[in-house]
file start24.tsv (TSV, C-alpha atoms)
chain	number	residue	atom	x	y	z
G	1	MET	CA	6.78	-31.99	13.70
G	2	SER	CA	10.48	-32.24	12.84
G	3	GLU	CA	13.22	-31.13	15.21
G	4	GLN	CA	14.23	-28.41	12.74
G	5	THR	CA	10.68	-27.01	12.68
G	6	ALA	CA	10.43	-27.18	16.45
G	7	LYS	CA	13.61	-25.13	16.85
G	8	LYS	CA	12.61	-22.47	14.31
G	9	PRO	CA	13.27	-19.09	15.99
G	10	ILE	CA	10.48	-16.61	16.60
G	11	SER	CA	10.56	-13.75	14.08
G	12	LEU	CA	11.34	-10.26	15.35
G	13	PRO	CA	7.93	-8.77	14.42
G	14	LEU	CA	6.23	-11.56	16.35
G	15	LYS	CA	8.57	-10.96	19.30
G	16	ILE	CA	7.59	-7.29	19.32
G	17	LEU	CA	3.90	-8.18	19.19
G	18	ILE	CA	4.33	-10.64	22.08
G	19	ALA	CA	6.28	-8.01	24.04
G	20	MET	CA	3.43	-5.56	23.58
G	21	VAL	CA	0.85	-8.06	24.81
G	22	LEU	CA	2.99	-8.97	27.84
G	23	GLY	CA	3.70	-5.31	28.57
G	24	ALA	CA	0.00	-4.49	28.43
G	25	ALA	CA	-0.76	-7.39	30.77
G	26	LEU	CA	1.91	-6.29	33.24
G	27	GLY	CA	0.61	-2.73	33.16
G	28	PHE	CA	-2.91	-3.88	33.99
G	29	ILE	CA	-1.63	-6.04	36.85
G	30	ILE	CA	0.79	-3.69	38.63
G	31	GLY	CA	-0.68	-0.34	37.58
G	32	GLU	CA	1.43	2.78	38.05
G	33	LYS	CA	4.36	0.77	39.46
G	34	ALA	CA	5.17	-0.08	35.83
G	35	SER	CA	6.76	3.37	35.62
G	36	TYR	CA	9.84	1.87	37.28
G	37	ILE	CA	10.86	0.28	33.97
G	38	GLN	CA	10.03	3.34	31.86
G	39	PHE	CA	13.76	4.11	31.51
G	40	ILE	CA	14.23	1.04	29.29
G	41	GLY	CA	11.74	2.45	26.82
G	42	ASP	CA	13.35	5.88	27.00
G	43	VAL	CA	16.70	4.37	26.00
G	44	PHE	CA	15.04	2.65	23.05
G	45	ILE	CA	13.53	5.96	21.87
G	46	ARG	CA	16.93	7.67	22.13
G	47	LEU	CA	18.51	4.91	20.06
G	48	LEU	CA	15.85	5.39	17.40
G	49	LYS	CA	16.60	9.11	17.27
G	50	MET	CA	20.31	8.33	17.02
G	51	CYS	CA	19.71	6.46	13.75
G	52	ILE	CA	17.43	8.96	12.06
G	53	TYR	CA	19.79	11.55	10.56
G	54	PRO	CA	22.49	9.37	8.98
G	55	LEU	CA	19.95	6.76	7.90
G	56	ILE	CA	17.70	9.24	6.11
G	57	PHE	CA	20.63	10.92	4.34
G	58	VAL	CA	22.37	7.77	3.15
G	59	SER	CA	19.29	5.71	2.28
G	60	ILE	CA	17.64	8.45	0.21
G	61	ILE	CA	20.83	9.03	-1.80
G	62	ASN	CA	21.21	5.29	-2.34
G	63	GLY	CA	17.55	4.85	-3.29
G	64	ILE	CA	17.28	7.83	-5.65
G	65	SER	CA	20.56	7.04	-7.41
G	66	GLN	CA	19.08	3.65	-8.38
G	67	VAL	CA	16.88	5.51	-10.85
G	68	ALA	CA	19.95	5.68	-13.09
G	69	ASP	CA	19.22	2.05	-13.95
G	70	MET	CA	16.29	3.34	-16.03
G	71	SER	CA	18.52	5.24	-18.45
G	72	ARG	CA	18.31	2.45	-21.07
G	73	LEU	CA	14.63	3.03	-21.53
G	74	LYS	CA	13.90	6.62	-20.60
G	75	LYS	CA	10.33	6.43	-21.83
G	76	VAL	CA	9.59	3.38	-19.68
G	77	GLY	CA	11.19	5.00	-16.65
G	78	GLY	CA	9.35	8.26	-17.27
G	79	TYR	CA	5.96	6.54	-17.49
G	80	PHE	CA	6.60	4.57	-14.33
G	81	LEU	CA	7.81	7.60	-12.36
G	82	VAL	CA	4.61	9.46	-13.28
G	83	TYR	CA	2.60	6.44	-12.13
G	84	TRP	CA	4.61	6.29	-8.90
G	85	ALA	CA	4.02	9.96	-8.11
G	86	VAL	CA	0.29	9.90	-8.87
G	87	ALA	CA	-0.50	6.57	-7.20
G	88	SER	CA	1.60	7.40	-4.13
G	89	THR	CA	-0.17	10.74	-3.74
G	90	LEU	CA	-3.58	9.06	-3.99
G	91	ALA	CA	-2.51	6.42	-1.44
G	92	ALA	CA	-1.25	9.06	0.99
G	93	THR	CA	-4.46	11.04	0.56
G	94	SER	CA	-6.46	7.88	1.29
G	95	GLY	CA	-4.62	7.40	4.59
G	96	LEU	CA	-5.18	11.04	5.52
G	97	VAL	CA	-8.91	10.94	4.75
G	98	TRP	CA	-9.51	7.77	6.74
G	99	ALA	CA	-7.54	9.14	9.70
G	100	PHE	CA	-9.90	12.12	9.85
G	101	ILE	CA	-12.97	9.91	9.43
G	102	ILE	CA	-12.07	7.28	12.07
G	103	LYS	CA	-10.28	9.76	14.42
G	104	PRO	CA	-8.16	7.03	16.11
G	105	GLY	CA	-6.44	9.46	18.51
G	106	ILE	CA	-9.58	11.08	19.89
G	107	GLY	CA	-10.25	10.11	23.50
G	108	ILE	CA	-6.66	9.22	24.39
G	109	GLN	CA	-5.04	11.48	26.97
G	110	LEU	CA	-1.34	11.00	27.70
G	111	GLY	CA	-1.00	13.73	30.28
G	112	ALA	CA	0.43	17.22	30.07
G	113	LYS	CA	3.20	17.69	27.54
G	114	GLU	CA	4.43	20.74	25.72
G	115	VAL	CA	3.80	20.27	22.05
G	116	PRO	CA	5.03	22.83	19.51
G	117	GLU	CA	2.27	24.38	17.46
G	118	VAL	CA	2.18	22.72	14.06
G	119	ASP	CA	1.60	25.40	11.47
G	120	VAL	CA	3.63	25.02	8.30
G	121	ASP	CA	3.73	27.83	5.73
G	122	LEU	CA	4.14	25.75	2.56
G	123	LEU	CA	5.56	28.59	0.46
G	124	GLN	CA	8.07	29.61	3.12
G	125	SER	CA	8.93	25.97	3.66
G	126	LEU	CA	10.04	25.69	0.04
G	127	VAL	CA	12.70	28.23	0.95
G	128	ASN	CA	13.48	26.92	4.43
G	129	TRP	CA	13.80	23.33	3.24
G	130	VAL	CA	16.88	24.26	1.20
G	131	PRO	CA	19.93	24.19	3.49
G	132	ASN	CA	22.46	26.99	3.29
G	133	ASN	CA	24.76	24.86	5.44
G	134	PRO	CA	24.17	21.10	5.26
G	135	PHE	CA	26.47	20.47	8.21
G	136	ALA	CA	24.37	22.83	10.32
G	137	ALA	CA	21.29	20.89	9.23
G	138	PHE	CA	22.81	17.72	10.69
G	139	SER	CA	23.96	19.40	13.92
G	140	GLU	CA	20.58	21.09	14.44
G	141	GLY	CA	18.60	18.01	13.50
G	142	ASN	CA	16.74	19.76	10.67
G	143	ILE	CA	15.39	16.68	8.94
G	144	LEU	CA	13.64	18.58	6.14
G	145	GLN	CA	16.91	20.16	5.05
G	146	ILE	CA	18.70	16.82	5.36
G	147	ILE	CA	16.08	15.22	3.09
G	148	VAL	CA	16.38	17.97	0.47
G	149	PHE	CA	20.18	17.79	0.53
G	150	ALA	CA	19.99	14.00	0.16
G	151	LEU	CA	17.58	14.30	-2.78
G	152	ILE	CA	19.90	16.73	-4.56
G	153	CYS	CA	22.90	14.47	-3.94
G	154	GLY	CA	20.94	11.42	-5.10
G	155	PHE	CA	19.83	12.95	-8.40
G	156	ILE	CA	23.30	14.36	-9.10
G	157	LEU	CA	24.86	10.98	-8.38
G	158	ALA	CA	22.31	9.29	-10.66
G	159	SER	CA	23.30	11.64	-13.49
G	160	PHE	CA	26.95	10.50	-13.58
G	161	LYS	CA	26.82	7.12	-11.92
G	162	ASP	CA	28.11	5.44	-15.09
G	163	THR	CA	31.45	7.28	-14.83
G	164	VAL	CA	34.44	6.00	-12.88
G	165	HIS	CA	34.12	8.60	-10.12
G	166	GLY	CA	30.34	8.26	-10.02
G	167	GLN	CA	30.57	4.51	-9.57
G	168	ARG	CA	33.04	4.95	-6.72
G	169	ILE	CA	30.72	7.38	-4.95
G	170	PHE	CA	27.74	5.13	-5.59
G	171	ASP	CA	29.61	2.12	-4.17
G	172	MET	CA	30.55	4.18	-1.12
G	173	PHE	CA	26.94	5.17	-0.41
G	174	ASP	CA	25.77	1.64	-1.13
G	175	SER	CA	28.22	0.40	1.51
G	176	LEU	CA	27.23	3.15	3.95
G	177	ASN	CA	23.58	2.25	3.42
G	178	GLU	CA	24.38	-1.35	4.31
G	179	PHE	CA	26.33	-0.16	7.36
G	180	PHE	CA	23.56	2.03	8.72
G	181	THR	CA	20.97	-0.59	7.86
G	182	ARG	CA	22.86	-2.96	10.16
G	183	ILE	CA	22.88	-0.32	12.91
G	184	VAL	CA	19.13	0.10	12.53
G	185	GLY	CA	18.74	-3.66	12.56
G	186	TRP	CA	20.59	-3.80	15.88
G	187	VAL	CA	18.39	-1.06	17.36
G	188	ILE	CA	15.19	-2.67	16.09
G	189	ALA	CA	16.35	-5.98	17.58
G	190	LEU	CA	16.07	-4.25	20.97
G	191	ALA	CA	12.51	-3.15	20.20
G	192	PRO	CA	10.80	-5.97	22.16
G	193	TYR	CA	12.40	-4.69	25.39
G	194	GLY	CA	11.59	-1.05	24.68
G	195	VAL	CA	8.05	-1.83	23.62
G	196	PHE	CA	7.49	-4.03	26.68
G	197	ALA	CA	8.58	-1.28	29.07
G	198	LEU	CA	6.78	1.59	27.36
G	199	VAL	CA	3.50	-0.26	26.83
G	200	ALA	CA	3.56	-1.52	30.41
G	201	ASN	CA	3.94	2.04	31.66
G	202	ILE	CA	1.23	3.40	29.37
G	203	THR	CA	-1.33	0.71	30.17
G	204	GLY	CA	-0.45	0.93	33.83
G	205	THR	CA	-1.62	4.53	33.88
G	206	LEU	CA	-4.25	4.62	31.12
G	207	GLY	CA	-5.59	1.08	31.09
G	208	SER	CA	-7.69	-0.01	28.11
G	209	THR	CA	-7.79	3.46	26.56
G	210	VAL	CA	-4.52	2.85	24.71
G	211	LEU	CA	-5.57	-0.55	23.41
G	212	TYR	CA	-8.82	0.94	22.15
G	213	GLY	CA	-6.88	3.67	20.33
G	214	LEU	CA	-4.50	1.13	18.80
G	215	GLY	CA	-7.45	-0.90	17.56
G	216	LYS	CA	-8.89	2.18	15.87
G	217	MET	CA	-5.54	3.04	14.31
G	218	LEU	CA	-5.17	-0.51	12.98
G	219	MET	CA	-8.66	-0.32	11.50
G	220	THR	CA	-7.75	3.01	9.90
G	221	GLN	CA	-4.69	1.40	8.30
G	222	TYR	CA	-6.72	-1.50	6.91
G	223	LEU	CA	-9.40	0.80	5.50
G	224	ALA	CA	-6.76	2.96	3.80
G	225	TYR	CA	-5.08	-0.11	2.30
G	226	GLY	CA	-8.47	-1.46	1.25
G	227	THR	CA	-9.29	1.81	-0.51
G	228	VAL	CA	-6.09	1.59	-2.54
G	229	ILE	CA	-6.57	-2.02	-3.62
G	230	VAL	CA	-10.35	-1.92	-4.12
G	231	ILE	CA	-10.76	1.56	-5.63
G	232	ILE	CA	-7.51	3.23	-6.72
G	233	TYR	CA	-5.85	0.26	-8.44
G	234	PRO	CA	-9.02	-0.85	-10.27
G	235	VAL	CA	-9.57	2.71	-11.55
G	236	ILE	CA	-5.98	2.85	-12.86
G	237	LEU	CA	-6.24	-0.60	-14.44
G	238	SER	CA	-9.69	0.00	-15.96
G	239	PHE	CA	-9.35	3.53	-17.32
G	240	ILE	CA	-5.60	3.95	-17.94
G	241	ALA	CA	-4.30	0.43	-18.58
G	242	LYS	CA	-7.71	-0.57	-20.00
G	243	VAL	CA	-7.61	-4.10	-18.61
G	244	ASN	CA	-9.82	-6.11	-16.26
G	245	PRO	CA	-8.72	-5.44	-12.63
G	246	LEU	CA	-10.04	-8.81	-11.39
G	247	GLN	CA	-8.05	-10.59	-14.09
G	248	HIS	CA	-4.94	-8.69	-13.03
G	249	PHE	CA	-5.35	-9.81	-9.42
G	250	ARG	CA	-5.82	-13.41	-10.63
G	251	ASN	CA	-2.60	-13.08	-12.60
G	252	ILE	CA	-0.40	-11.86	-9.77
G	253	TYR	CA	-2.09	-13.38	-6.71
G	254	PRO	CA	0.86	-15.79	-6.08
G	255	ALA	CA	3.12	-12.79	-5.46
G	256	MET	CA	0.45	-11.15	-3.31
G	257	LEU	CA	0.18	-14.23	-1.10
G	258	LEU	CA	3.95	-14.59	-0.73
G	259	ALA	CA	4.30	-10.90	0.13
G	260	PHE	CA	1.57	-11.19	2.77
G	261	SER	CA	3.20	-14.21	4.40
G	262	THR	CA	6.85	-13.07	4.26
G	263	CYS	CA	6.37	-9.30	4.90
G	264	SER	CA	9.28	-8.77	2.49
G	265	SER	CA	9.12	-7.07	-0.92
G	266	SER	CA	12.71	-8.15	-1.60
G	267	ALA	CA	12.01	-11.81	-0.86
G	268	THR	CA	8.94	-11.66	-3.09
G	269	LEU	CA	10.73	-9.91	-5.98
G	270	PRO	CA	11.61	-13.05	-8.02
G	271	LEU	CA	8.00	-14.27	-7.91
G	272	THR	CA	6.72	-10.74	-8.61
G	273	MET	CA	8.84	-10.59	-11.75
G	274	LYS	CA	7.90	-14.11	-12.84
G	275	SER	CA	4.15	-13.50	-12.37
G	276	THR	CA	4.25	-10.15	-14.17
G	277	LYS	CA	6.13	-11.61	-17.15
G	278	GLU	CA	4.49	-15.01	-17.52
G	279	ARG	CA	0.98	-14.41	-16.19
G	280	ALA	CA	0.35	-10.68	-16.81
G	281	GLY	CA	2.02	-10.40	-20.23
G	282	VAL	CA	4.48	-7.57	-19.52
G	283	PRO	CA	7.62	-7.72	-21.71
G	284	GLU	CA	10.61	-9.29	-19.98
G	285	ASP	CA	12.99	-6.37	-20.51
G	286	MET	CA	10.42	-3.96	-19.10
G	287	VAL	CA	9.95	-6.07	-15.96
G	288	ASN	CA	13.71	-6.38	-15.52
G	289	LEU	CA	14.04	-2.62	-15.77
G	290	ILE	CA	11.16	-1.57	-13.52
G	291	ALA	CA	10.76	-4.26	-10.86
G	292	PRO	CA	14.01	-3.89	-8.85
G	293	PRO	CA	13.85	-0.09	-8.33
G	294	ALA	CA	10.05	-0.29	-7.91
G	295	ALA	CA	10.51	-2.63	-4.96
G	296	THR	CA	12.51	0.18	-3.34
G	297	ILE	CA	10.71	3.40	-4.23
G	298	ASN	CA	7.14	2.40	-5.15
G	299	MET	CA	5.75	1.86	-1.64
G	300	HIS	CA	2.09	2.92	-1.70
G	301	ALA	CA	1.24	1.33	1.64
G	302	CYS	CA	4.08	3.21	3.32
G	303	ALA	CA	2.83	6.45	1.76
G	304	ALA	CA	-0.66	5.69	3.11
G	305	GLU	CA	0.41	4.85	6.65
G	306	MET	CA	2.55	7.95	7.34
G	307	PRO	CA	-0.33	10.48	7.39
G	308	ILE	CA	-2.26	8.18	9.72
G	309	TYR	CA	0.52	8.27	12.32
G	310	ALA	CA	0.79	12.07	12.15
G	311	VAL	CA	-2.97	12.61	12.50
G	312	PHE	CA	-3.15	9.97	15.27
G	313	ALA	CA	-0.49	11.77	17.32
G	314	ALA	CA	-1.97	15.19	16.59
G	315	GLN	CA	-5.41	14.07	17.76
G	316	ILE	CA	-3.98	12.64	20.98
G	317	TYR	CA	-2.33	15.96	21.88
G	318	GLY	CA	-5.08	18.19	20.55
G	319	VAL	CA	-2.90	19.72	17.83
G	320	ASP	CA	-4.67	21.30	14.86
G	321	LEU	CA	-3.06	20.45	11.54
G	322	PRO	CA	-3.66	23.23	8.97
G	323	PHE	CA	-4.04	22.38	5.29
G	324	THR	CA	-0.46	23.30	4.47
G	325	SER	CA	0.80	20.89	7.14
G	326	LEU	CA	-1.29	18.12	5.62
G	327	LEU	CA	0.32	18.74	2.23
G	328	VAL	CA	3.75	18.55	3.87
G	329	ILE	CA	2.80	15.25	5.53
G	330	ILE	CA	1.76	13.75	2.18
G	331	VAL	CA	4.96	14.87	0.44
G	332	LEU	CA	7.18	13.65	3.27
G	333	GLY	CA	5.35	10.33	3.41
G	334	ILE	CA	6.04	9.71	-0.28
G	335	ILE	CA	9.70	10.77	-0.06
G	336	MET	CA	10.45	8.77	3.07
G	337	ALA	CA	8.65	5.71	1.72
G	338	ALA	CA	11.00	5.86	-1.28
G	339	GLY	CA	14.09	6.43	0.82
G	340	VAL	CA	13.81	4.07	3.76
G	341	ALA	CA	12.00	1.16	2.17
G	342	GLY	CA	13.79	-2.13	2.70
G	343	VAL	CA	15.32	-1.07	6.02
G	344	PRO	CA	14.39	-3.45	8.86
G	345	GLY	CA	11.57	-1.81	10.78
G	346	GLY	CA	11.48	0.91	8.14
G	347	GLY	CA	7.90	1.90	8.93
G	348	ILE	CA	8.80	2.34	12.60
G	349	ILE	CA	11.78	4.52	11.75
G	350	MET	CA	9.76	6.56	9.24
G	351	SER	CA	7.03	7.19	11.79
G	352	ALA	CA	9.63	8.59	14.20
G	353	VAL	CA	11.06	10.81	11.47
G	354	LEU	CA	7.68	12.16	10.42
G	355	LEU	CA	6.56	12.91	13.97
G	356	GLN	CA	9.82	14.69	14.72
G	357	VAL	CA	9.58	16.79	11.55
G	358	MET	CA	6.03	17.84	12.47
G	359	GLY	CA	7.09	18.71	16.02
G	360	LEU	CA	4.97	15.95	17.59
G	361	PRO	CA	6.08	13.74	20.51
G	362	LEU	CA	7.39	10.25	19.75
G	363	ASP	CA	5.36	8.55	22.48
G	364	ILE	CA	3.29	6.55	19.98
G	365	VAL	CA	6.33	5.07	18.19
G	366	PRO	CA	6.54	2.06	20.56
G	367	TRP	CA	2.82	1.48	20.01
G	368	ILE	CA	3.41	1.39	16.27
G	369	ALA	CA	6.31	-1.01	16.81
G	370	GLY	CA	4.11	-3.21	18.95
G	371	ILE	CA	1.46	-3.76	16.29
G	372	TYR	CA	3.66	-3.38	13.23
G	373	TYR	CA	3.55	-7.11	12.55
G	374	LEU	CA	-0.20	-6.74	11.97
G	375	ILE	CA	0.39	-3.68	9.78
G	376	ASP	CA	3.30	-5.11	7.81
G	377	MET	CA	1.49	-8.11	6.30
G	378	PRO	CA	-1.14	-6.18	4.28
G	379	ASN	CA	1.39	-3.36	3.89
G	380	THR	CA	3.87	-5.53	1.99
G	381	MET	CA	1.15	-7.17	-0.09
G	382	LEU	CA	-0.12	-3.74	-1.17
G	383	ASN	CA	3.37	-2.52	-2.05
G	384	VAL	CA	4.02	-5.57	-4.25
G	385	THR	CA	0.60	-5.28	-5.89
G	386	GLY	CA	1.29	-1.63	-6.67
G	387	ASP	CA	4.50	-2.59	-8.47
G	388	THR	CA	2.63	-4.99	-10.75
G	389	VAL	CA	-0.15	-2.48	-11.45
G	390	GLY	CA	2.50	0.03	-12.49
G	391	MET	CA	4.26	-2.40	-14.83
G	392	VAL	CA	1.00	-3.46	-16.49
G	393	THR	CA	-0.05	0.19	-16.87
G	394	VAL	CA	3.27	1.19	-18.45
G	395	ALA	CA	3.19	-1.79	-20.83
G	396	SER	CA	-0.37	-0.98	-21.85
G	397	LEU	CA	0.37	2.72	-22.44
G	398	MET	CA	3.33	1.74	-24.64
G	399	LYS	CA	1.16	-0.81	-26.54
G	400	GLU	CA	3.47	-3.64	-25.48
G	401	LEU	CA	1.17	-5.58	-23.13
G	402	ASP	CA	0.47	-9.11	-24.36
G	403	LEU	CA	-3.31	-9.25	-23.87
G	404	GLY	CA	-3.42	-12.89	-24.91
G	405	VAL	CA	-1.23	-13.82	-21.94
G	406	PHE	CA	-2.93	-11.32	-19.65
G	407	ASN	CA	-6.46	-12.59	-20.33
G	408	ALA	CA	-5.61	-16.30	-20.51
G	409	LYS	CA	-7.21	-18.56	-17.91
G	410	LYS	CA	-4.80	-19.29	-15.07
call {"tool": "encode", "arguments": {"input": "start24.tsv", "output": "structure tokens"}}
result
Amino acid sequence: MSEQTAKKPISLPLKILIAMVLGAALGFIIGEKASYIQFIGDVFIRLLKMCIYPLIFVSIINGISQVADMSRLKKVGGYFLVYWAVASTLAATSGLVWAFIIKPGIGIQLGAKEVPEVDVDLLQSLVNWVPNNPFAAFSEGNILQIIVFALICGFILASFKDTVHGQRIFDMFDSLNEFFTRIVGWVIALAPYGVFALVANITGTLGSTVLYGLGKMLMTQYLAYGTVIVIIYPVILSFIAKVNPLQHFRNIYPAMLLAFSTCSSSATLPLTMKSTKERAGVPEDMVNLIAPPAATINMHACAAEMPIYAVFAAQIYGVDLPFTSLLVIIVLGIIMAAGVAGVPGGGIIMSAVLLQVMGLPLDIVPWIAGIYYLIDMPNTMLNVTGDTVGMVTVASLMKELDLGVFNAKK
């Protein structure tokens, strides 16, 4: 082993996972005395909340305005956006269904806590989501109104981004997105300490119950991801793209492996584009157009995981989620997956946002952070795979897919 390899720093996700294991061990050893370090975890939760409002607003505007890059080929962009909406909805539904089948939160009791009743009137929400005062939405912490305002700003910015003033505004939000991304990165860098303290306190009082619940939630995630890659993608490829799903996975497996090992859609993007062009037969200009924004907005795994967190928390606190609330969870999961993708610890931040919107406590956020390394590997692989499925589907629908390249032995 070289000296350079020996000195390679431990990645942040691995640090968080180690912190969770050590926190759980400390909790088992010292029991309820672990509550003395609870304040460290509380500070971490407050820092997470501090980031939510500006991050959601800026990142959604920045992400949505990227759609303007599709103006050269409106038909291509239109096809892919339809694919994104349909596939993301199916992925989110998959996560929701598996959460109700596995019931990961049943049997976990975190003690008495006042939890607002979750009962969302979908029709009334369509009215209430629209802010009559966006500044009030920020001051009151109304995330739904902040999201809607950000979506409106993003689409308007996309419509005139090519003008001088539009480019200035876009550059400003792009810079702000980078700024707040760095703030989030700083907060997430403190996650190992927060997770250690919170998990130690939880396991000190509840013992193995929490670890059992986390295992069930992790299994729920994997089953939801498996459903997408084994059922949903093959159905799309077989009946819409009219190609062999197994051949598609053979074509793009290099990108899948790199995504799994790096946990980064951005780092995998060059290989994703190369595999889709040279091995899957998608035209080069189409890949260049779709792949970069797809890596930001087309996050099927993120859409699938959000409903699982909401149902997990609701089951822990005995909260009934009516059908309208489930629809809201699916819609929010898709929107937030498009807006916050690419942010360090984005899934952790999104889980906090979703729980806060639904009026559920954020107690499980450190648990999610603790095992997110195990979630993020298949998560990223699924997101990258979904991008390639979309590009092949669009190329096939437009009769531009090179079947000779696609079906060639690799």
call {"tool": "residues_around", "arguments": {"input": "start24.tsv", "residues": "range 79-84 of chain G", "least_positions_apart": "2", "cutoff": "8 Å", "atoms": "all atoms listed in the file", "output": "PyMOL selection string"}}
result
chain G and resi 75-77+86-88+290+298+390-391+394
call {"tool": "residues_around", "arguments": {"input": "start24.tsv", "residues": "Phe406 in chain G", "least_positions_apart": "3", "cutoff": "8 Å", "atoms": "all atoms listed in the file", "output": "mmCIF file with C-alpha atoms, in the coordinates of the input"}}
result
data_model
loop_
_atom_site.group_PDB
_atom_site.id
_atom_site.type_symbol
_atom_site.label_atom_id
_atom_site.label_comp_id
_atom_site.auth_asym_id
_atom_site.auth_seq_id
_atom_site.Cartn_x
_atom_site.Cartn_y
_atom_site.Cartn_z
ATOM 1 C CA GLN G 247 -8.050 -10.590 -14.090
ATOM 2 C CA HIS G 248 -4.940 -8.690 -13.030
ATOM 3 C CA ASN G 251 -2.600 -13.080 -12.600
ATOM 4 C CA ARG G 279 0.980 -14.410 -16.190
ATOM 5 C CA ALA G 280 0.350 -10.680 -16.810
ATOM 6 C CA GLY G 281 2.020 -10.400 -20.230
ATOM 7 C CA LEU G 401 1.170 -5.580 -23.130
ATOM 8 C CA ASP G 402 0.470 -9.110 -24.360
ATOM 9 C CA LEU G 403 -3.310 -9.250 -23.870
#
call {"tool": "atom_distance", "arguments": {"input": "start24.tsv", "atom1": "CA of Lys242 in chain G", "atom2": "CA of Ser396 in chain G"}}
result
7.6 Å
call {"tool": "atom_distance", "arguments": {"input": "start24.tsv", "atom1": "CA of Thr181 in chain G", "atom2": "CA of Pro293 in chain G"}}
result
17.7 Å
call {"tool": "atom_distance", "arguments": {"input": "start24.tsv", "atom1": "CA of Ile169 in chain G", "atom2": "CA of Val184 in chain G"}}
result
22.2 Å
call {"tool": "closest_residue", "arguments": {"input": "start24.tsv", "among": "G:Pro378, G:Pro192, G:Gly226, G:Pro270", "to": "Ser11 in chain G", "atoms": "all atoms listed in the file"}}
result
G:Pro192
call {"tool": "closest_residue", "arguments": {"input": "start24.tsv", "among": "G:Gly41, G:Asp162, G:Thr324, G:Thr380", "to": "Leu190 in chain G", "atoms": "all atoms listed in the file"}}
result
G:Gly41
call {"tool": "closest_residue", "arguments": {"input": "start24.tsv", "among": "G:Ile45, G:Leu360, G:Val287, G:Leu397", "to": "Ile188 in chain G", "atoms": "all atoms listed in the file"}}
result
G:Ile45
call {"tool": "residues_around", "arguments": {"input": "start24.tsv", "residues": "Leu269 in chain G", "least_positions_apart": "5", "cutoff": "8 Å", "atoms": "all atoms listed in the file", "output": "PDB file with C-alpha atoms, keeping the file's coordinate frame"}}
result
ATOM      1  CA  ALA G 291      10.760  -4.260 -10.860  1.00  0.00           C
ATOM      2  CA  PRO G 292      14.010  -3.890  -8.850  1.00  0.00           C
ATOM      3  CA  ALA G 295      10.510  -2.630  -4.960  1.00  0.00           C
TER       4      ALA G 295
END
call {"tool": "closest_residue", "arguments": {"input": "start24.tsv", "among": "G:Tyr222, G:Trp186, G:Phe100, G:Phe249", "to": "Phe44 in chain G", "atoms": "only C-alpha atoms"}}
result
G:Trp186
call {"tool": "closest_residue", "arguments": {"input": "start24.tsv", "among": "G:Trp129, G:Phe28, G:Phe170, G:Phe180", "to": "Ile52 in chain G", "atoms": "only C-alpha atoms"}}
result
G:Phe180
call {"tool": "residues_around", "arguments": {"input": "start24.tsv", "residues": "Glu305 in chain G", "least_positions_apart": "3", "cutoff": "8 Å", "atoms": "only C-alpha atoms", "output": "JSON, numbers by chain"}}
result
{"G": [92, 95, 221, 224, 301, 302, 308, 309]}
call {"tool": "residues_around", "arguments": {"input": "start24.tsv", "residues": "Ala200 in chain G", "least_positions_apart": "5", "cutoff": "9 Å", "atoms": "all atoms listed in the file", "output": "PDB file with C-alpha atoms, keeping the file's coordinate frame"}}
result
ATOM      1  CA  MET G  20       3.430  -5.560  23.580  1.00  0.00           C
ATOM      2  CA  LEU G  22       2.990  -8.970  27.840  1.00  0.00           C
ATOM      3  CA  GLY G  23       3.700  -5.310  28.570  1.00  0.00           C
ATOM      4  CA  ALA G  24       0.000  -4.490  28.430  1.00  0.00           C
ATOM      5  CA  ALA G  25      -0.760  -7.390  30.770  1.00  0.00           C
ATOM      6  CA  LEU G  26       1.910  -6.290  33.240  1.00  0.00           C
ATOM      7  CA  GLY G  27       0.610  -2.730  33.160  1.00  0.00           C
ATOM      8  CA  PHE G  28      -2.910  -3.880  33.990  1.00  0.00           C
ATOM      9  CA  ILE G  30       0.790  -3.690  38.630  1.00  0.00           C
ATOM     10  CA  GLY G  31      -0.680  -0.340  37.580  1.00  0.00           C
ATOM     11  CA  ALA G  34       5.170  -0.080  35.830  1.00  0.00           C
ATOM     12  CA  SER G  35       6.760   3.370  35.620  1.00  0.00           C
ATOM     13  CA  ILE G  37      10.860   0.280  33.970  1.00  0.00           C
ATOM     14  CA  GLN G  38      10.030   3.340  31.860  1.00  0.00           C
ATOM     15  CA  VAL G 195       8.050  -1.830  23.620  1.00  0.00           C
ATOM     16  CA  THR G 205      -1.620   4.530  33.880  1.00  0.00           C
TER      17      THR G 205
END
call {"tool": "closest_residue", "arguments": {"input": "start24.tsv", "among": "G:Pro245, G:Ala352, G:Pro307, G:Leu223", "to": "Val331 in chain G", "atoms": "only C-alpha atoms"}}
result
G:Pro307
call {"tool": "decode", "arguments": {"input": "start24.tsv", "residues": "range 395-399 of chain G", "atoms": "N, CA and C atoms", "output": "tab-separated table (two decimals), in the first residue's frame"}}
result
chain	number	residue	atom	x	y	z
G	395	ALA	N	-35.09	8.90	-27.89
G	395	ALA	CA	-34.50	8.62	-29.20
G	395	ALA	C	-35.35	7.62	-29.98
G	396	SER	N	-35.87	6.62	-29.29
G	396	SER	CA	-36.71	5.62	-29.96
G	396	SER	C	-38.02	6.23	-30.44
G	397	LEU	N	-38.66	7.05	-29.60
G	397	LEU	CA	-39.92	7.68	-29.99
G	397	LEU	C	-39.74	8.60	-31.18
G	398	MET	N	-38.56	9.22	-31.30
G	398	MET	CA	-38.29	10.13	-32.41
G	398	MET	C	-37.65	9.41	-33.60
G	399	LYS	N	-37.59	8.06	-33.53
G	399	LYS	CA	-37.05	7.24	-34.62
G	399	LYS	C	-35.59	7.58	-34.92
